>>> print(open('target28.cif').read())   # mmCIF, C-alpha atoms
data_start
loop_
_atom_site.label_atom_id
_atom_site.label_comp_id
_atom_site.auth_asym_id
_atom_site.auth_seq_id
_atom_site.Cartn_x
_atom_site.Cartn_y
_atom_site.Cartn_z
CA MET O 1 -35.75 -41.06 -27.36
CA ALA O 2 -39.38 -41.64 -28.24
CA VAL O 3 -40.57 -45.22 -28.16
CA GLY O 4 -41.44 -45.43 -31.80
CA ALA O 5 -38.18 -43.92 -33.03
CA SER O 6 -35.55 -46.54 -32.25
CA PRO O 7 -32.99 -46.61 -35.09
CA CYS O 8 -33.05 -50.36 -35.53
CA CYS O 9 -36.67 -50.95 -34.49
CA ALA O 10 -38.40 -48.16 -36.32
CA ALA O 11 -41.24 -50.40 -37.41
CA ALA O 12 -43.17 -50.89 -34.19
CA ARG O 13 -45.51 -53.41 -35.76
CA THR O 14 -42.90 -56.05 -36.57
CA GLY O 15 -43.18 -59.33 -34.62
CA THR O 16 -40.34 -61.26 -33.10
CA GLY O 17 -39.74 -64.63 -31.48
CA ALA O 18 -37.14 -67.38 -31.44
CA ARG O 19 -36.19 -70.50 -33.31
CA SER O 20 -38.14 -73.69 -32.97
CA ARG O 21 -35.82 -75.40 -30.48
CA GLN O 22 -34.37 -74.09 -27.27
CA SER O 23 -30.88 -75.13 -28.37
CA THR O 24 -30.78 -72.00 -30.54
CA LEU O 25 -31.61 -69.57 -27.74
CA PRO O 26 -29.29 -66.59 -27.35
CA GLU O 27 -26.57 -66.80 -24.77
CA VAL O 28 -25.90 -63.98 -22.31
CA THR O 29 -25.04 -61.14 -24.61
CA PHE O 30 -24.35 -57.44 -24.50
CA CYS O 31 -26.09 -56.60 -27.77
CA VAL O 32 -29.74 -55.93 -27.09
CA ALA O 33 -30.43 -54.71 -30.62
CA ALA O 34 -29.23 -57.96 -32.17
CA ILE O 35 -31.87 -59.90 -30.24
CA ALA O 36 -34.61 -57.32 -30.12
CA CYS O 37 -34.52 -56.48 -33.83
CA ALA O 38 -33.79 -59.88 -35.36
CA ARG O 39 -35.81 -60.65 -38.45
CA ARG O 40 -38.95 -62.60 -37.79
CA ASP O 41 -38.58 -64.90 -40.78
CA ALA O 42 -35.12 -65.93 -39.60
CA GLN O 43 -36.39 -66.78 -36.12
CA HIS O 44 -39.60 -68.51 -37.22
CA PRO O 45 -39.09 -70.85 -40.17
CA ALA O 46 -41.96 -71.43 -42.53
CA MET O 47 -42.43 -75.07 -41.41
CA PRO O 48 -45.50 -75.47 -39.16
CA GLY O 49 -44.75 -75.81 -35.47
CA ARG O 50 -46.20 -79.34 -35.13
CA LEU O 51 -44.06 -80.67 -38.00
CA ARG O 52 -40.98 -78.90 -36.66
CA SER O 53 -41.42 -80.75 -33.38
CA LEU O 54 -40.90 -84.06 -35.20
CA LEU O 55 -37.29 -83.08 -35.87
CA GLN O 56 -36.24 -83.58 -32.26
CA PRO O 57 -32.84 -85.27 -31.74
CA LEU O 58 -34.41 -88.38 -30.13
CA ASN O 59 -36.65 -89.12 -33.10
CA LEU O 60 -33.97 -90.01 -35.65
CA PRO O 61 -32.24 -92.81 -33.65
CA ALA O 62 -35.64 -94.01 -32.45
CA VAL O 63 -37.00 -94.31 -36.01
CA LEU O 64 -33.79 -96.01 -37.17
CA THR O 65 -34.10 -98.54 -34.31
CA TRP O 66 -37.76 -99.09 -35.14
CA LEU O 67 -36.85 -99.69 -38.78
CA ALA O 68 -34.10 -102.16 -37.80
CA VAL O 69 -36.57 -104.11 -35.65
CA LEU O 70 -39.09 -104.12 -38.49
CA LEU O 71 -36.56 -105.48 -40.98
CA SER O 72 -35.39 -108.14 -38.54
CA LEU O 73 -38.83 -109.62 -37.89
CA ARG O 74 -39.52 -113.12 -39.21
CA TYR O 75 -42.96 -114.28 -40.26
CA ASP O 76 -44.35 -117.80 -40.24
CA ASN O 77 -47.65 -116.89 -41.89
CA ASP O 78 -49.59 -113.90 -43.24
CA ALA O 79 -51.70 -113.53 -40.10
CA GLU O 80 -48.60 -113.25 -37.94
CA ARG O 81 -47.08 -110.74 -40.36
CA GLY O 82 -50.20 -108.57 -40.25
CA ALA O 83 -50.29 -108.58 -36.45
CA GLN O 84 -46.63 -107.66 -36.17
CA TRP O 85 -46.95 -104.85 -38.71
CA LEU O 86 -50.01 -103.54 -36.94
CA ALA O 87 -48.19 -103.52 -33.59
CA MET O 88 -45.15 -101.82 -35.15
CA ALA O 89 -47.33 -99.16 -36.83
CA LEU O 90 -49.19 -98.50 -33.58
CA PHE O 91 -45.90 -98.10 -31.72
CA LEU O 92 -44.52 -95.59 -34.24
CA ALA O 93 -47.81 -93.65 -34.32
CA CYS O 94 -47.89 -93.35 -30.53
CA PHE O 95 -44.22 -92.41 -30.36
CA LEU O 96 -44.55 -89.59 -32.92
CA GLY O 97 -48.00 -88.61 -31.66
CA HIS O 98 -46.45 -87.07 -28.54
CA ASP O 99 -44.75 -84.42 -30.69
CA LEU O 100 -47.87 -83.73 -32.76
CA LEU O 101 -50.12 -83.08 -29.77
CA PRO O 102 -50.17 -79.51 -28.41
CA PRO O 103 -48.27 -78.89 -25.13
CA SER O 104 -51.53 -77.77 -23.55
CA ARG O 105 -52.74 -81.41 -23.63
CA PRO O 106 -50.39 -83.10 -21.14
CA ARG O 107 -52.96 -85.74 -20.19
CA TRP O 108 -53.40 -86.85 -23.77
CA ARG O 109 -49.65 -87.17 -24.10
CA ALA O 110 -49.44 -89.22 -20.91
CA TRP O 111 -52.17 -91.60 -22.07
CA LEU O 112 -50.30 -92.24 -25.32
CA PHE O 113 -47.63 -94.06 -23.33
CA VAL O 114 -50.13 -96.85 -22.60
CA PRO O 115 -50.58 -98.07 -26.21
CA GLU O 116 -46.90 -97.33 -26.87
CA CYS O 117 -45.79 -99.70 -24.09
CA LEU O 118 -48.40 -102.33 -24.95
CA SER O 119 -47.50 -102.32 -28.65
CA ALA O 120 -43.79 -102.73 -27.79
CA LEU O 121 -44.63 -105.73 -25.62
CA ALA O 122 -46.94 -107.08 -28.34
CA VAL O 123 -44.10 -107.08 -30.86
CA SER O 124 -41.96 -109.05 -28.40
CA TRP O 125 -44.85 -111.48 -27.88
CA LEU O 126 -45.37 -111.98 -31.60
CA ALA O 127 -41.67 -112.22 -32.48
CA PRO O 128 -40.23 -115.74 -32.25
CA THR O 129 -37.94 -116.06 -29.20
CA GLY O 130 -37.81 -112.27 -28.77
CA GLY O 131 -35.21 -111.37 -31.40
CA THR O 132 -34.54 -107.64 -31.64
CA ALA O 133 -38.07 -106.68 -30.59
CA PRO O 134 -37.05 -105.76 -26.98
CA ALA O 135 -35.05 -102.87 -28.48
CA LEU O 136 -38.39 -101.05 -28.70
CA LEU O 137 -38.44 -100.98 -24.90
CA VAL O 138 -35.16 -99.04 -24.98
CA ILE O 139 -36.94 -96.38 -27.04
CA VAL O 140 -39.83 -96.43 -24.58
CA ALA O 141 -37.48 -95.95 -21.61
CA ALA O 142 -35.79 -92.92 -23.19
CA HIS O 143 -39.16 -91.49 -24.19
CA LEU O 144 -40.55 -91.88 -20.68
CA ALA O 145 -37.49 -90.21 -19.18
CA LEU O 146 -38.04 -87.18 -21.40
CA ALA O 147 -41.62 -86.73 -20.24
CA LEU O 148 -41.95 -88.05 -16.70
CA PRO O 149 -40.13 -87.75 -13.35
CA PRO O 150 -37.56 -90.45 -12.47
CA ARG O 151 -39.70 -92.43 -10.00
CA PRO O 152 -42.63 -93.17 -12.36
CA VAL O 153 -40.12 -94.02 -15.10
CA LEU O 154 -38.38 -96.50 -12.81
CA LEU O 155 -41.67 -98.14 -11.81
CA ILE O 156 -42.90 -98.45 -15.40
CA ALA O 157 -39.52 -99.80 -16.54
CA LEU O 158 -39.63 -102.51 -13.84
CA LEU O 159 -43.12 -103.58 -14.93
CA LEU O 160 -42.10 -103.62 -18.61
CA ASN O 161 -39.02 -105.73 -17.94
CA LEU O 162 -41.02 -108.13 -15.79
CA ALA O 163 -43.48 -108.50 -18.66
CA LEU O 164 -40.60 -109.00 -21.10
CA TYR O 165 -39.13 -111.74 -18.90
CA LEU O 166 -42.47 -113.55 -18.77
CA ILE O 167 -42.91 -113.23 -22.54
CA LEU O 168 -39.45 -114.64 -23.26
CA ARG O 169 -39.98 -117.44 -20.78
CA HIS O 170 -43.33 -118.30 -22.31
CA ALA O 171 -41.75 -118.33 -25.79
CA GLY O 172 -39.21 -120.88 -24.63
CA HIS O 173 -36.15 -118.67 -24.78
CA GLY O 174 -33.00 -120.35 -23.47
CA ALA O 175 -31.91 -117.46 -21.22
CA PRO O 176 -34.84 -115.10 -20.60
CA PHE O 177 -33.31 -113.54 -17.49
CA ILE O 178 -29.99 -112.75 -19.19
CA VAL O 179 -31.71 -111.18 -22.22
CA THR O 180 -34.00 -109.15 -19.98
CA LEU O 181 -31.03 -108.00 -17.92
CA ILE O 182 -29.10 -106.95 -21.05
CA PHE O 183 -31.98 -104.90 -22.42
CA ALA O 184 -32.64 -103.45 -18.95
CA GLY O 185 -29.07 -102.13 -19.01
CA PHE O 186 -29.66 -100.54 -22.41
CA GLN O 187 -32.89 -99.03 -21.11
CA SER O 188 -31.13 -97.60 -18.05
CA PHE O 189 -28.44 -96.01 -20.19
CA ALA O 190 -30.97 -94.50 -22.62
CA ALA O 191 -33.19 -93.25 -19.78
CA LEU O 192 -30.27 -91.60 -17.97
CA VAL O 193 -29.08 -89.87 -21.15
CA ALA O 194 -32.62 -88.64 -21.84
CA HIS O 195 -33.09 -87.51 -18.24
CA TYR O 196 -29.89 -85.47 -18.20
CA ALA O 197 -30.66 -84.05 -21.63
CA ARG O 198 -34.07 -82.99 -20.37
CA SER O 199 -32.59 -81.44 -17.22
CA ALA O 200 -29.98 -79.57 -19.25
CA GLU O 201 -32.63 -78.27 -21.65
CA GLN O 202 -34.88 -77.10 -18.81
CA THR O 203 -31.95 -75.34 -17.16
CA ARG O 204 -31.04 -73.71 -20.45
CA ASP O 205 -34.63 -72.58 -20.94
CA ARG O 206 -34.71 -71.00 -17.49
CA LEU O 207 -31.37 -69.29 -18.06
CA ALA O 208 -32.55 -68.00 -21.42
CA LEU O 209 -35.69 -66.51 -19.88
CA VAL O 210 -33.69 -64.94 -17.06
CA ASN O 211 -31.24 -63.62 -19.63
CA ALA O 212 -34.08 -62.09 -21.64
CA ASP O 213 -35.47 -60.52 -18.48
CA LEU O 214 -32.04 -59.04 -17.75
CA LEU O 215 -31.70 -57.75 -21.30
CA ALA O 216 -35.10 -56.09 -21.21
CA THR O 217 -34.47 -54.56 -17.79
CA ARG O 218 -31.00 -53.43 -18.83
CA ALA O 219 -32.43 -51.74 -21.91
CA LEU O 220 -34.74 -49.69 -19.69
CA LEU O 221 -31.93 -48.96 -17.23
CA ALA O 222 -29.65 -47.82 -20.05
CA ASP O 223 -32.33 -45.47 -21.38
CA SER O 224 -32.99 -44.20 -17.86
CA ALA O 225 -29.26 -43.57 -17.33
CA ARG O 226 -29.00 -41.71 -20.63
CA ASP O 227 -32.01 -39.61 -19.69
CA ALA O 228 -30.44 -38.76 -16.34
CA GLU O 229 -27.21 -37.74 -18.08
CA ARG O 230 -29.10 -35.61 -20.60
CA LEU O 231 -30.96 -33.92 -17.77
CA ARG O 232 -27.72 -33.28 -15.89
CA VAL O 233 -26.04 -31.77 -18.97
CA ALA O 234 -29.10 -29.64 -19.68
CA ARG O 235 -29.10 -28.28 -16.14
CA GLU O 236 -25.37 -27.57 -16.24
CA LEU O 237 -25.68 -25.70 -19.53
CA HIS O 238 -28.66 -23.74 -18.27
CA ASP O 239 -27.23 -22.91 -14.85
CA VAL O 240 -23.55 -22.31 -15.70
CA ALA O 241 -23.20 -21.32 -19.35
CA GLY O 242 -26.59 -19.63 -19.48
CA HIS O 243 -25.92 -17.62 -16.34
CA THR O 244 -22.48 -16.52 -17.58
CA LEU O 245 -23.78 -15.51 -20.99
CA THR O 246 -26.63 -13.58 -19.43
CA ALA O 247 -24.14 -11.66 -17.29
CA MET O 248 -21.96 -11.03 -20.36
CA THR O 249 -24.97 -9.74 -22.30
CA LEU O 250 -25.87 -7.34 -19.50
CA ASN O 251 -22.28 -6.05 -19.33
CA LEU O 252 -22.14 -5.57 -23.10
CA ARG O 253 -25.42 -3.70 -22.93
CA ALA O 254 -23.94 -1.41 -20.28
CA VAL O 255 -20.83 -0.87 -22.43
CA ALA O 256 -22.98 -0.09 -25.45
CA ALA O 257 -24.76 2.59 -23.45
CA GLU O 258 -21.51 4.58 -23.26
CA PRO O 259 -21.47 7.25 -26.02
CA GLU O 260 -17.83 6.72 -26.93
CA LEU O 261 -18.12 2.89 -27.04
CA GLY O 262 -21.69 2.24 -28.14
CA GLN O 263 -20.98 3.04 -31.78
CA ARG O 264 -17.98 0.81 -32.09
CA ARG O 265 -18.45 -2.16 -34.45
CA GLU O 266 -16.66 -4.62 -32.15
CA VAL O 267 -19.04 -3.91 -29.28
CA GLN O 268 -22.10 -4.35 -31.47
CA LEU O 269 -20.73 -7.61 -32.91
CA ALA O 270 -19.93 -8.97 -29.44
CA GLN O 271 -23.40 -8.04 -28.24
CA ARG O 272 -25.03 -9.81 -31.20
CA LEU O 273 -22.89 -12.96 -30.84
CA ALA O 274 -23.61 -13.16 -27.11
CA GLY O 275 -27.34 -13.01 -27.80
CA GLU O 276 -27.14 -15.67 -30.51
CA LEU O 277 -25.04 -17.97 -28.30
CA LEU O 278 -27.49 -17.60 -25.43
CA GLY O 279 -30.34 -18.53 -27.76
CA ASP O 280 -28.41 -21.54 -29.09
CA ILE O 281 -27.74 -22.81 -25.57
CA ARG O 282 -31.41 -22.48 -24.69
CA ASN O 283 -32.31 -24.51 -27.80
CA VAL O 284 -29.77 -27.19 -26.91
CA VAL O 285 -31.10 -27.40 -23.34
CA GLN O 286 -34.66 -27.74 -24.65
CA ALA O 287 -33.60 -30.42 -27.17
CA LEU O 288 -31.86 -32.42 -24.45
CA ARG O 289 -34.98 -32.32 -22.33
CA ASP O 290 -37.24 -33.27 -25.28
CA ALA O 291 -34.97 -36.22 -26.23
CA ARG O 292 -35.65 -37.99 -22.95
CA GLY O 293 -37.66 -41.21 -23.22
CA LEU O 294 -37.48 -44.99 -22.71
CA ASP O 295 -37.26 -47.33 -25.70
CA LEU O 296 -40.04 -49.66 -24.62
CA ALA O 297 -40.22 -51.50 -27.95
CA THR O 298 -36.64 -52.77 -27.77
CA ALA O 299 -37.10 -53.94 -24.18
CA LEU O 300 -40.29 -55.83 -25.02
CA ARG O 301 -38.75 -57.54 -28.03
CA ALA O 302 -35.71 -58.59 -26.01
CA LEU O 303 -38.10 -60.04 -23.42
CA ALA O 304 -39.91 -62.17 -26.02
CA ALA O 305 -36.82 -63.29 -27.94
CA PRO O 306 -36.15 -66.64 -26.15
CA LEU O 307 -39.73 -67.91 -26.47
CA PRO O 308 -40.23 -70.36 -29.37
CA LYS O 309 -43.81 -69.16 -29.37
CA PRO O 310 -45.93 -67.15 -29.20
CA THR O 311 -44.66 -64.51 -31.58
CA LEU O 312 -44.86 -60.99 -30.17
CA GLU O 313 -46.50 -58.38 -32.39
CA LEU O 314 -46.13 -54.79 -31.19
CA ASP O 315 -48.27 -51.83 -32.18
CA ILE O 316 -46.99 -48.86 -30.18
CA ASP O 317 -48.34 -45.35 -30.62
CA PRO O 318 -45.53 -43.26 -32.16
CA ARG O 319 -46.67 -40.31 -30.04
CA LEU O 320 -45.86 -42.21 -26.84
CA HIS O 321 -43.01 -40.52 -24.97
CA LEU O 322 -42.39 -42.62 -21.86
CA THR O 323 -40.05 -41.19 -19.23
CA ASP O 324 -41.23 -42.89 -16.01
CA PRO O 325 -39.11 -46.01 -15.26
CA ALA O 326 -41.76 -47.39 -12.87
CA LEU O 327 -44.43 -47.22 -15.55
CA ALA O 328 -42.11 -48.85 -18.09
CA GLU O 329 -41.31 -51.64 -15.63
CA THR O 330 -45.02 -52.28 -15.07
CA LEU O 331 -45.64 -52.50 -18.82
CA LEU O 332 -42.70 -54.87 -19.15
CA ARG O 333 -44.06 -57.23 -16.47
CA LEU O 334 -47.57 -56.98 -17.91
CA VAL O 335 -46.41 -58.20 -21.33
CA GLN O 336 -44.14 -60.81 -19.75
CA GLU O 337 -46.99 -62.38 -17.82
CA ALA O 338 -49.24 -62.28 -20.89
CA LEU O 339 -46.61 -64.11 -22.96
CA THR O 340 -46.16 -66.73 -20.25
CA ASN O 341 -49.90 -67.36 -19.94
CA SER O 342 -50.36 -67.58 -23.70
CA ALA O 343 -47.54 -70.11 -24.02
CA ARG O 344 -48.54 -72.30 -21.06
CA HIS O 345 -52.32 -72.25 -21.02
CA ALA O 346 -53.59 -71.15 -24.43
CA ASP O 347 -51.07 -72.73 -26.84
CA ALA O 348 -51.12 -69.44 -28.76
CA GLU O 349 -49.02 -68.80 -31.85
CA ARG O 350 -49.16 -65.00 -31.70
CA VAL O 351 -49.67 -62.33 -29.07
CA ARG O 352 -50.58 -58.82 -30.18
CA VAL O 353 -49.73 -55.92 -27.88
CA GLU O 354 -51.27 -52.53 -28.64
CA ILE O 355 -50.22 -49.47 -26.64
CA ARG O 356 -52.02 -46.17 -27.18
CA ALA O 357 -51.15 -42.80 -25.63
CA GLU O 358 -53.78 -40.25 -24.62
CA PRO O 359 -53.16 -36.81 -23.05
CA ASP O 360 -53.13 -38.18 -19.51
CA ARG O 361 -53.72 -41.93 -19.90
CA LEU O 362 -51.96 -44.96 -21.34
CA ARG O 363 -54.13 -47.75 -22.72
CA VAL O 364 -52.75 -51.25 -23.29
CA ALA O 365 -54.57 -54.10 -25.04
CA ILE O 366 -53.06 -57.61 -25.22
CA GLU O 367 -54.74 -60.42 -27.15
CA ASP O 368 -53.53 -63.80 -28.41
CA ASP O 369 -54.84 -66.28 -30.97
CA GLY O 370 -55.12 -69.19 -28.54
CA ARG O 371 -58.08 -70.44 -26.61
CA VAL O 372 -58.83 -70.34 -22.90
CA ARG O 373 -59.94 -73.75 -21.68
CA GLY O 374 -62.52 -73.73 -18.95
CA ALA O 375 -63.53 -70.81 -16.79
CA LEU O 376 -61.25 -67.80 -16.59
CA ARG O 377 -59.50 -67.85 -13.22
CA GLU O 378 -56.89 -65.48 -11.89
CA GLY O 379 -53.77 -67.24 -10.68
CA ASN O 380 -50.73 -65.74 -9.01
CA GLY O 381 -49.49 -64.23 -12.26
CA LEU O 382 -52.67 -62.36 -13.14
CA THR O 383 -53.15 -61.31 -9.52
CA GLY O 384 -49.63 -59.89 -9.44
CA MET O 385 -50.32 -58.12 -12.70
CA ARG O 386 -53.45 -56.50 -11.26
CA GLU O 387 -51.56 -55.46 -8.10
CA ARG O 388 -48.77 -53.82 -10.11
CA ILE O 389 -51.23 -51.81 -12.15
CA ALA O 390 -53.32 -50.85 -9.12
CA ALA O 391 -50.15 -49.57 -7.38
CA LEU O 392 -49.80 -46.99 -10.17
CA GLY O 393 -53.45 -45.99 -10.00
CA GLY O 394 -54.50 -47.98 -13.06
CA ARG O 395 -57.18 -50.54 -13.87
CA LEU O 396 -57.00 -54.04 -15.36
CA GLN O 397 -59.77 -55.88 -17.19
CA LEU O 398 -59.73 -59.54 -18.26
CA ALA O 399 -62.12 -61.02 -20.80
CA THR O 400 -62.35 -63.53 -23.64
CA ASN O 401 -63.04 -62.58 -27.23
CA ALA O 402 -65.38 -64.31 -29.68
CA ARG O 403 -62.75 -66.99 -30.46
CA GLY O 404 -62.28 -67.78 -26.77
CA ALA O 405 -58.87 -66.13 -26.54
CA LEU O 406 -57.84 -64.10 -23.51
CA ARG O 407 -57.91 -60.31 -23.87
CA ILE O 408 -56.16 -58.11 -21.33
CA GLU O 409 -56.89 -54.38 -21.16
CA ALA O 410 -55.03 -52.00 -18.88
CA ASP O 411 -55.57 -48.30 -18.26
CA LEU O 412 -52.67 -46.43 -16.63
CA PRO O 413 -52.16 -42.79 -15.77
CA ILE O 414 -49.19 -41.05 -17.38
#
>>> encode(input="target28.cif", output="structure tokens")
Amino acid sequence: MAVGASPCCAAARTGTGARSRQSTLPEVTFCVAAIACARRDAQHPAMPGRLRSLLQPLNLPAVLTWLAVLLSLRYDNDAERGAQWLAMALFLACFLGHDLLPPSRPRWRAWLFVPECLSALAVSWLAPTGGTAPALLVIVAAHLALALPPRPVLLIALLLNLALYLILRHAGHGAPFIVTLIFAGFQSFAALVAHYARSAEQTRDRLALVNADLLATRALLADSARDAERLRVARELHDVAGHTLTAMTLNLRAVAAEPELGQRREVQLAQRLAGELLGDIRNVVQALRDARGLDLATALRALAAPLPKPTLELDIDPRLHLTDPALAETLLRLVQEALTNSARHADAERVRVEIRAEPDRLRVAIEDDGRVRGALREGNGLTGMRERIAALGGRLQLATNARGALRIEADLPI
């Protein structure tokens, strides 16, 4: 089957992706077409990605807790009210700011924890005898556990609770240690829940990517197996049926040469039918050989399906007729590495893959809409990509376009 002629993926220019959260990733499935050909608008809602990130499960209980603390605050004067509101607004802005920042800015996200922790402590300092203000530290503990390893979270939590104890003691609270201990228990519970939720999500993400890799590889293996079966059937028809029909045609020709039999209608009809059947078998054998080909588009779309972004846009030459599994595997890994780099390092929304077929060469161009930060350096992924292409006698070129996005060009022999 030619690459551009898949029944469910006839439009080779259609993009694909996945829903905004990893909780909607496909499970291990045996229906490649359902993943590879899913509609793009169903997988990528119209809401911008930054705003979608605000709808995380942690945000709703955190905002409700923040609102409860705000409503429970008491004010002795307007100056105190303004300071408390300012601290509460700063806390909420820092908390939601983590989701609005791009994933490619991990340092900015980490620094946001500083004003978030300080504003939570400031509310406790400004609130008379503590009140419900320490509940903000429960939100901070869960938030830290979602973003940082356990040891830094434990250290920061100890410092925050020590500061809370000193604040309550300074405010003249009757039992500062007991209150600190109670809220430390809440913090521990929230941090453990967030930590295990984070671990489960990361495991699910890894399984989804492995599943997509298996789906893409299985699609190529299935096409390769079908091609092998077509080739086997074509050879059997050519060697067995073709040989027998050729012998029958020669015998009928010898019979027709006999004067008493050559004029008989039955002999002439048998001779004509044998010739037509031999021609039909030759056409079938040729069609079976011409139908061989790997459906690269379906495999690539299945590979990109679990990624929330970037969206994969394919532009595959309809004349491409790929039959070499090794070449298809190299193209698969080339696009896989490009998608990974665009998601991790460039914060790209879209990756465009263009594959063009020439008489003896295959040209691949991959470009995203992100931006390369700093000098372009080849890591293990790009080095492995170059080695795969060089093993097939091809060439790889890396460059940045006018927008600063990475452009990958590969030239492979067919």
>>> atom_distance(input="target28.cif", atom1="atom CA of Val138 of chain O", atom2="atom CA of Gln187 of chain O")
4.5 Å
>>> resolve_selection(input="target28.cif", expression="the PyMOL selection byres ((chain O and resi 387-399) around 6)", output="ChimeraX atom specification")
/O:384-386,400,406-412
>>> resolve_selection(input="target28.cif", expression="the PyMOL selection byres ((chain O and resi 136) around 8)", output="MDAnalysis selection string")
chainID O and resid 65:66 69 120 133:135 137:140
>>> atom_distance(input="target28.cif", atom1="atom CA of Leu320 of chain O", atom2="atom CA of Leu339 of chain O")
22.3 Å
>>> closest_residue(input="target28.cif", among="O:Ala175, O:Ala348, O:Ala197, O:Ala122", to="Pro57 of chain O", atoms="all atoms listed in the file")
O:Ala197
>>> resolve_selection(input="target28.cif", expression="the PyMOL selection byres ((chain O and resi 185) around 12)", output="mmCIF file with C-alpha atoms, in the frame of the given file")
data_model
loop_
_atom_site.group_PDB
_atom_site.id
_atom_site.type_symbol
_atom_site.label_atom_id
_atom_site.label_comp_id
_atom_site.auth_asym_id
_atom_site.auth_seq_id
_atom_site.Cartn_x
_atom_site.Cartn_y
_atom_site.Cartn_z
ATOM 1 C CA PRO O 134 -37.050 -105.760 -26.980
ATOM 2 C CA ALA O 135 -35.050 -102.870 -28.480
ATOM 3 C CA LEU O 137 -38.440 -100.980 -24.900
ATOM 4 C CA VAL O 138 -35.160 -99.040 -24.980
ATOM 5 C CA ALA O 141 -37.480 -95.950 -21.610
ATOM 6 C CA ALA O 157 -39.520 -99.800 -16.540
ATOM 7 C CA LEU O 158 -39.630 -102.510 -13.840
ATOM 8 C CA ASN O 161 -39.020 -105.730 -17.940
ATOM 9 C CA ILE O 178 -29.990 -112.750 -19.190
ATOM 10 C CA VAL O 179 -31.710 -111.180 -22.220
ATOM 11 C CA THR O 180 -34.000 -109.150 -19.980
ATOM 12 C CA LEU O 181 -31.030 -108.000 -17.920
ATOM 13 C CA ILE O 182 -29.100 -106.950 -21.050
ATOM 14 C CA PHE O 183 -31.980 -104.900 -22.420
ATOM 15 C CA ALA O 184 -32.640 -103.450 -18.950
ATOM 16 C CA PHE O 186 -29.660 -100.540 -22.410
ATOM 17 C CA GLN O 187 -32.890 -99.030 -21.110
ATOM 18 C CA SER O 188 -31.130 -97.600 -18.050
ATOM 19 C CA PHE O 189 -28.440 -96.010 -20.190
ATOM 20 C CA ALA O 190 -30.970 -94.500 -22.620
ATOM 21 C CA ALA O 191 -33.190 -93.250 -19.780
ATOM 22 C CA LEU O 192 -30.270 -91.600 -17.970
#
>>> closest_residue(input="target28.cif", among="O:Pro310, O:Pro152, O:Pro176, O:Gly279", to="Val353 of chain O", atoms="all atoms listed in the file")
O:Pro310
>>> atom_distance(input="target28.cif", atom1="atom CA of Asn341 of chain O", atom2="atom CA of Leu303 of chain O")
14.3 Å
>>> closest_residue(input="target28.cif", among="O:Leu121, O:Ala142, O:Leu100, O:Ala147", to="Leu168 of chain O", atoms="all atoms listed in the file")
O:Leu121
>>> axis_aligned_box(input="target28.cif", around="segment 380-388 of chain O", padding_each_side="6 Å", output="lines of an AutoDock Vina configuration file")
center_x = -51.1
center_y = -59.8
center_z = -10.6
size_x = 16.7
size_y = 23.9
size_z = 17.0
>>> residues_around(input="target28.cif", residues="Ile414 of chain O", least_positions_apart="3", cutoff="7 Å", atoms="all atoms listed in the file", output="ChimeraX atom specification")
/O:360-362
>>> closest_residue(input="target28.cif", among="O:Glu349, O:Arg226, O:Phe113, O:Ala256", to="Leu307 of chain O", atoms="only C-alpha atoms")
O:Glu349
>>> residues_around(input="target28.cif", residues="Ala93 of chain O", least_positions_apart="3", cutoff="12 Å", atoms="all atoms listed in the file", output="compact mmCIF listing (two decimals) with C-alpha atoms, keeping the file's coordinate frame")
# COMPACT_ATOMS: atom_id res chain seq x y z
CA LEU O 54 -40.90 -84.06 -35.20
CA VAL O 63 -37.00 -94.31 -36.01
CA TRP O 66 -37.76 -99.09 -35.14
CA LEU O 86 -50.01 -103.54 -36.94
CA ALA O 87 -48.19 -103.52 -33.59
CA MET O 88 -45.15 -101.82 -35.15
CA ALA O 89 -47.33 -99.16 -36.83
CA LEU O 90 -49.19 -98.50 -33.58
CA LEU O 96 -44.55 -89.59 -32.92
CA GLY O 97 -48.00 -88.61 -31.66
CA HIS O 98 -46.45 -87.07 -28.54
CA ASP O 99 -44.75 -84.42 -30.69
CA LEU O 100 -47.87 -83.73 -32.76
CA LEU O 101 -50.12 -83.08 -29.77
CA LEU O 112 -50.30 -92.24 -25.32
CA PHE O 113 -47.63 -94.06 -23.33
CA PRO O 115 -50.58 -98.07 -26.21
CA GLU O 116 -46.90 -97.33 -26.87
CA SER O 119 -47.50 -102.32 -28.65
CA ALA O 120 -43.79 -102.73 -27.79
